[in-house]
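Peer 1: Here it is: the structure, laid out below.
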Amino acid sequence: MARIQRFEDLEAWKKGRVGRKAVYDCSRQGGFAHDFALRNQIRRAAQSVTSNIAEGFEREGNREFIQFLSDAKGSCGEVRDQLYTALNEKYVAQIEFDRLYALAVETSRIISGLMKYLQQSELKGPKFKQATVRN
């Protein structure tokens, strides 16, 4: 299995990036663009998904990474909840809601898989590697 070198290589981050772009694009349209509170909140939640994945990865410890992944997964749920508000207010059509909702669910599923993998891994993360002592 190839070693992940950068957070940009993670499928969870890639899928989250697609979802974030979709949320930003959708929230630029019609009434959504003028509901500043909802628009800003759903954008922050979508941004939080990828930001937490990136920050957790850069911490270089599995326990911390899992915690940040949990936060990212929570942000996926927040995006889904806010999509219901957008649907109820008719800022998005059902088909757009379904597409964005599915992206958030898929991202959450990928994050869950990564969390399970890290929880079962015997590796603790790069920052826990023993330093080589030279004489």
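Identifiers in the structure tokens: chain A, B, ... in order shown; residue index from 1 per chain; ligand index from 1 in order shown.
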Please provide the set of residues having any atom within 9 Å of Phe7 (chain A), restricted to only C-alpha atoms, with same-chain residues fewer than 6 positions apart removed, written as number ranges by chain.

Peer 2: A: 13-14, 53-58

Peer 1: Take the residues just selected and output them with all heavy atoms as a PDB file, in the first residue's frame.

Peer 2:
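Printed below is again-v9.pdb as written:
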```
ATOM      1  N   TRP A  13     -10.262  14.028   1.926  1.00  0.00           N
ATOM      2  CA  TRP A  13     -10.032  15.454   1.663  1.00  0.00           C
ATOM      3  C   TRP A  13     -10.479  15.807   0.241  1.00  0.00           C
ATOM      4  O   TRP A  13     -11.117  16.837   0.022  1.00  0.00           O
ATOM      5  CB  TRP A  13      -8.557  15.814   1.874  1.00  0.00           C
ATOM      6  CG  TRP A  13      -8.308  17.279   1.708  1.00  0.00           C
ATOM      7  CD1 TRP A  13      -8.455  18.246   2.667  1.00  0.00           C
ATOM      8  CD2 TRP A  13      -7.911  17.941   0.505  1.00  0.00           C
ATOM      9  NE1 TRP A  13      -8.162  19.479   2.118  1.00  0.00           N
ATOM     10  CE2 TRP A  13      -7.831  19.317   0.798  1.00  0.00           C
ATOM     11  CE3 TRP A  13      -7.615  17.516  -0.779  1.00  0.00           C
ATOM     12  CZ2 TRP A  13      -7.461  20.267  -0.156  1.00  0.00           C
ATOM     13  CZ3 TRP A  13      -7.243  18.454  -1.727  1.00  0.00           C
ATOM     14  CH2 TRP A  13      -7.175  19.810  -1.404  1.00  0.00           C
ATOM     15  N   LYS A  14     -10.148  14.939  -0.722  1.00  0.00           N
ATOM     16  CA  LYS A  14     -10.539  15.196  -2.114  1.00  0.00           C
ATOM     17  C   LYS A  14     -12.063  15.288  -2.250  1.00  0.00           C
ATOM     18  O   LYS A  14     -12.584  16.185  -2.914  1.00  0.00           O
ATOM     19  CB  LYS A  14     -10.010  14.096  -3.030  1.00  0.00           C
ATOM     20  CG  LYS A  14      -8.508  14.092  -3.191  1.00  0.00           C
ATOM     21  CD  LYS A  14      -8.074  12.899  -4.034  1.00  0.00           C
ATOM     22  CE  LYS A  14      -6.591  12.745  -4.089  1.00  0.00           C
ATOM     23  NZ  LYS A  14      -6.187  11.546  -4.862  1.00  0.00           N
ATOM     24  N   ILE A  53      -9.560  17.853   8.263  1.00  0.00           N
ATOM     25  CA  ILE A  53      -8.782  16.735   7.723  1.00  0.00           C
ATOM     26  C   ILE A  53      -7.326  17.168   7.558  1.00  0.00           C
ATOM     27  O   ILE A  53      -6.405  16.461   7.974  1.00  0.00           O
ATOM     28  CB  ILE A  53      -9.374  16.238   6.385  1.00  0.00           C
ATOM     29  CG1 ILE A  53     -10.745  15.601   6.622  1.00  0.00           C
ATOM     30  CG2 ILE A  53      -8.427  15.254   5.710  1.00  0.00           C
ATOM     31  CD1 ILE A  53     -11.544  15.339   5.349  1.00  0.00           C
ATOM     32  N   ALA A  54      -7.112  18.338   6.990  1.00  0.00           N
ATOM     33  CA  ALA A  54      -5.757  18.846   6.769  1.00  0.00           C
ATOM     34  C   ALA A  54      -5.029  19.066   8.092  1.00  0.00           C
ATOM     35  O   ALA A  54      -3.881  18.642   8.264  1.00  0.00           O
ATOM     36  CB  ALA A  54      -5.805  20.138   5.960  1.00  0.00           C
ATOM     37  N   GLU A  55      -5.686  19.726   9.023  1.00  0.00           N
ATOM     38  CA  GLU A  55      -5.028  20.031  10.301  1.00  0.00           C
ATOM     39  C   GLU A  55      -4.709  18.760  11.070  1.00  0.00           C
ATOM     40  O   GLU A  55      -3.610  18.612  11.619  1.00  0.00           O
ATOM     41  CB  GLU A  55      -5.899  20.955  11.146  1.00  0.00           C
ATOM     42  CG  GLU A  55      -5.204  21.397  12.413  1.00  0.00           C
ATOM     43  CD  GLU A  55      -5.969  22.425  13.211  1.00  0.00           C
ATOM     44  OE1 GLU A  55      -7.025  22.912  12.752  1.00  0.00           O
ATOM     45  OE2 GLU A  55      -5.497  22.746  14.317  1.00  0.00           O
ATOM     46  N   GLY A  56      -5.643  17.837  11.104  1.00  0.00           N
ATOM     47  CA  GLY A  56      -5.392  16.584  11.807  1.00  0.00           C
ATOM     48  C   GLY A  56      -4.251  15.796  11.199  1.00  0.00           C
ATOM     49  O   GLY A  56      -3.411  15.238  11.917  1.00  0.00           O
ATOM     50  N   PHE A  57      -4.186  15.762   9.892  1.00  0.00           N
ATOM     51  CA  PHE A  57      -3.101  15.056   9.206  1.00  0.00           C
ATOM     52  C   PHE A  57      -1.756  15.676   9.569  1.00  0.00           C
ATOM     53  O   PHE A  57      -0.787  14.967   9.847  1.00  0.00           O
ATOM     54  CB  PHE A  57      -3.314  15.109   7.687  1.00  0.00           C
ATOM     55  CG  PHE A  57      -2.257  14.375   6.913  1.00  0.00           C
ATOM     56  CD1 PHE A  57      -2.368  13.017   6.684  1.00  0.00           C
ATOM     57  CD2 PHE A  57      -1.154  15.043   6.418  1.00  0.00           C
ATOM     58  CE1 PHE A  57      -1.391  12.332   5.967  1.00  0.00           C
ATOM     59  CE2 PHE A  57      -0.172  14.371   5.702  1.00  0.00           C
ATOM     60  CZ  PHE A  57      -0.289  13.012   5.480  1.00  0.00           C
ATOM     61  N   GLU A  58      -1.697  16.983   9.581  1.00  0.00           N
ATOM     62  CA  GLU A  58      -0.443  17.684   9.851  1.00  0.00           C
ATOM     63  C   GLU A  58       0.009  17.539  11.298  1.00  0.00           C
ATOM     64  O   GLU A  58       1.182  17.763  11.600  1.00  0.00           O
ATOM     65  CB  GLU A  58      -0.572  19.163   9.488  1.00  0.00           C
ATOM     66  CG  GLU A  58      -0.689  19.412   7.994  1.00  0.00           C
ATOM     67  CD  GLU A  58       0.535  19.000   7.191  1.00  0.00           C
ATOM     68  OE1 GLU A  58       1.674  19.122   7.707  1.00  0.00           O
ATOM     69  OE2 GLU A  58       0.362  18.537   6.048  1.00  0.00           O
TER      70      GLU A  58
END
```

Peer 1: Can you measure CA of Arg43 (chain A) to CA of Gln119 (chain A) for me? One decimal in Å is fine.

Peer 2: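 Separation between CA of Arg43 (chain A) and CA of Gln119 (chain A): 29.5 Å.
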
Peer 1: From a DSSP pass on the backbone, collect the residues of chain A flagged as alpha helix (DSSP H) and hand them back as a PDB file with C-alpha atoms, in the first residue's frame.

Peer 2:
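Listed below is the output, result-v6.pdb:
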```pdb
ATOM      1  CA  GLU A  11      -9.680  10.526  -0.606  1.00  0.00           C
ATOM      2  CA  ALA A  12     -11.647  12.056   2.275  1.00  0.00           C
ATOM      3  CA  TRP A  13     -10.032  15.454   1.663  1.00  0.00           C
ATOM      4  CA  LYS A  14     -10.539  15.196  -2.114  1.00  0.00           C
ATOM      5  CA  LYS A  15     -14.229  14.351  -1.715  1.00  0.00           C
ATOM      6  CA  GLY A  16     -14.632  17.102   0.884  1.00  0.00           C
ATOM      7  CA  ARG A  17     -13.090  19.577  -1.555  1.00  0.00           C
ATOM      8  CA  VAL A  18     -15.622  18.599  -4.223  1.00  0.00           C
ATOM      9  CA  GLY A  19     -18.430  19.053  -1.693  1.00  0.00           C
ATOM     10  CA  ARG A  20     -17.091  22.425  -0.557  1.00  0.00           C
ATOM     11  CA  LYS A  21     -16.957  23.688  -4.146  1.00  0.00           C
ATOM     12  CA  ALA A  22     -20.517  22.476  -4.738  1.00  0.00           C
ATOM     13  CA  VAL A  23     -21.759  24.237  -1.583  1.00  0.00           C
ATOM     14  CA  TYR A  24     -20.040  27.477  -2.576  1.00  0.00           C
ATOM     15  CA  ASP A  25     -21.445  27.295  -6.115  1.00  0.00           C
ATOM     16  CA  CYS A  26     -24.970  26.552  -4.916  1.00  0.00           C
ATOM     17  CA  GLY A  30     -30.826  33.354  -5.916  1.00  0.00           C
ATOM     18  CA  GLY A  31     -32.238  33.689  -2.439  1.00  0.00           C
ATOM     19  CA  PHE A  32     -29.467  31.535  -1.002  1.00  0.00           C
ATOM     20  CA  ALA A  33     -26.936  34.250  -1.844  1.00  0.00           C
ATOM     21  CA  HIS A  34     -28.984  36.796   0.133  1.00  0.00           C
ATOM     22  CA  PHE A  36     -26.267  35.714   4.686  1.00  0.00           C
ATOM     23  CA  ALA A  37     -26.566  33.745   7.916  1.00  0.00           C
ATOM     24  CA  LEU A  38     -27.363  30.418   6.235  1.00  0.00           C
ATOM     25  CA  ARG A  39     -24.965  31.002   3.353  1.00  0.00           C
ATOM     26  CA  ASN A  40     -22.075  31.815   5.664  1.00  0.00           C
ATOM     27  CA  GLN A  41     -22.830  28.972   8.071  1.00  0.00           C
ATOM     28  CA  ILE A  42     -23.082  26.249   5.416  1.00  0.00           C
ATOM     29  CA  ARG A  43     -19.887  27.541   3.807  1.00  0.00           C
ATOM     30  CA  ARG A  44     -18.063  27.472   7.150  1.00  0.00           C
ATOM     31  CA  ALA A  45     -19.262  23.922   7.743  1.00  0.00           C
ATOM     32  CA  ALA A  46     -18.142  22.796   4.269  1.00  0.00           C
ATOM     33  CA  GLN A  47     -14.778  24.503   4.791  1.00  0.00           C
ATOM     34  CA  SER A  48     -14.461  22.861   8.193  1.00  0.00           C
ATOM     35  CA  VAL A  49     -14.592  19.388   6.633  1.00  0.00           C
ATOM     36  CA  THR A  50     -11.423  19.824   4.594  1.00  0.00           C
ATOM     37  CA  SER A  51      -9.703  22.090   7.127  1.00  0.00           C
ATOM     38  CA  ASN A  52     -10.073  19.550   9.925  1.00  0.00           C
ATOM     39  CA  ILE A  53      -8.782  16.735   7.723  1.00  0.00           C
ATOM     40  CA  ALA A  54      -5.757  18.846   6.769  1.00  0.00           C
ATOM     41  CA  GLU A  55      -5.028  20.031  10.301  1.00  0.00           C
ATOM     42  CA  GLY A  56      -5.392  16.584  11.807  1.00  0.00           C
ATOM     43  CA  PHE A  57      -3.101  15.056   9.206  1.00  0.00           C
ATOM     44  CA  GLU A  58      -0.443  17.684   9.851  1.00  0.00           C
ATOM     45  CA  ASN A  62      -3.142   9.092  14.895  1.00  0.00           C
ATOM     46  CA  ARG A  63      -5.084   9.942  18.066  1.00  0.00           C
ATOM     47  CA  GLU A  64      -5.134  13.635  17.205  1.00  0.00           C
ATOM     48  CA  PHE A  65      -5.919  12.865  13.572  1.00  0.00           C
ATOM     49  CA  ILE A  66      -8.882  10.710  14.594  1.00  0.00           C
ATOM     50  CA  GLN A  67     -10.231  13.564  16.731  1.00  0.00           C
ATOM     51  CA  PHE A  68      -9.948  16.021  13.824  1.00  0.00           C
ATOM     52  CA  LEU A  69     -11.569  13.467  11.515  1.00  0.00           C
ATOM     53  CA  SER A  70     -14.427  13.206  13.995  1.00  0.00           C
ATOM     54  CA  ASP A  71     -14.819  16.990  13.826  1.00  0.00           C
ATOM     55  CA  ALA A  72     -14.775  16.832  10.016  1.00  0.00           C
ATOM     56  CA  LYS A  73     -17.443  14.118  10.077  1.00  0.00           C
ATOM     57  CA  GLY A  74     -19.536  16.297  12.377  1.00  0.00           C
ATOM     58  CA  SER A  75     -19.223  19.142   9.889  1.00  0.00           C
ATOM     59  CA  CYS A  76     -20.574  16.830   7.174  1.00  0.00           C
ATOM     60  CA  GLY A  77     -23.656  16.390   9.352  1.00  0.00           C
ATOM     61  CA  GLU A  78     -23.904  20.144   9.806  1.00  0.00           C
ATOM     62  CA  VAL A  79     -23.845  20.653   6.027  1.00  0.00           C
ATOM     63  CA  ARG A  80     -26.621  18.074   5.628  1.00  0.00           C
ATOM     64  CA  ASP A  81     -28.760  19.779   8.267  1.00  0.00           C
ATOM     65  CA  GLN A  82     -28.327  23.196   6.672  1.00  0.00           C
ATOM     66  CA  LEU A  83     -29.228  21.751   3.291  1.00  0.00           C
ATOM     67  CA  TYR A  84     -32.653  20.943   4.744  1.00  0.00           C
ATOM     68  CA  THR A  85     -33.087  24.607   5.611  1.00  0.00           C
ATOM     69  CA  ALA A  86     -32.045  25.581   2.083  1.00  0.00           C
ATOM     70  CA  LEU A  87     -34.556  23.079   0.675  1.00  0.00           C
ATOM     71  CA  ASN A  88     -37.349  24.253   2.984  1.00  0.00           C
ATOM     72  CA  GLN A  94     -34.833  18.766  -4.689  1.00  0.00           C
ATOM     73  CA  ILE A  95     -32.385  17.466  -7.309  1.00  0.00           C
ATOM     74  CA  GLU A  96     -29.654  19.855  -6.128  1.00  0.00           C
ATOM     75  CA  PHE A  97     -30.400  18.998  -2.501  1.00  0.00           C
ATOM     76  CA  ASP A  98     -30.070  15.288  -3.313  1.00  0.00           C
ATOM     77  CA  ARG A  99     -26.736  15.818  -5.095  1.00  0.00           C
ATOM     78  CA  LEU A 100     -25.224  17.907  -2.296  1.00  0.00           C
ATOM     79  CA  TYR A 101     -26.630  15.642   0.397  1.00  0.00           C
ATOM     80  CA  ALA A 102     -25.151  12.564  -1.309  1.00  0.00           C
ATOM     81  CA  LEU A 103     -21.733  14.275  -1.500  1.00  0.00           C
ATOM     82  CA  ALA A 104     -21.849  15.007   2.231  1.00  0.00           C
ATOM     83  CA  VAL A 105     -22.900  11.437   3.046  1.00  0.00           C
ATOM     84  CA  GLU A 106     -20.154   9.973   0.844  1.00  0.00           C
ATOM     85  CA  THR A 107     -17.552  12.234   2.432  1.00  0.00           C
ATOM     86  CA  SER A 108     -18.734  11.194   5.889  1.00  0.00           C
ATOM     87  CA  ARG A 109     -18.539   7.519   4.896  1.00  0.00           C
ATOM     88  CA  ILE A 110     -14.965   7.896   3.644  1.00  0.00           C
ATOM     89  CA  ILE A 111     -13.964   9.750   6.817  1.00  0.00           C
ATOM     90  CA  SER A 112     -15.493   6.951   8.926  1.00  0.00           C
ATOM     91  CA  GLY A 113     -13.475   4.363   7.040  1.00  0.00           C
ATOM     92  CA  LEU A 114     -10.268   6.312   7.581  1.00  0.00           C
ATOM     93  CA  MET A 115     -11.053   6.654  11.282  1.00  0.00           C
ATOM     94  CA  LYS A 116     -11.598   2.899  11.608  1.00  0.00           C
ATOM     95  CA  TYR A 117      -8.362   2.190   9.774  1.00  0.00           C
ATOM     96  CA  LEU A 118      -6.391   4.517  12.067  1.00  0.00           C
ATOM     97  CA  GLN A 119      -8.029   3.078  15.194  1.00  0.00           C
ATOM     98  CA  GLN A 120      -6.975  -0.443  14.173  1.00  0.00           C
TER      99      GLN A 120
END
```
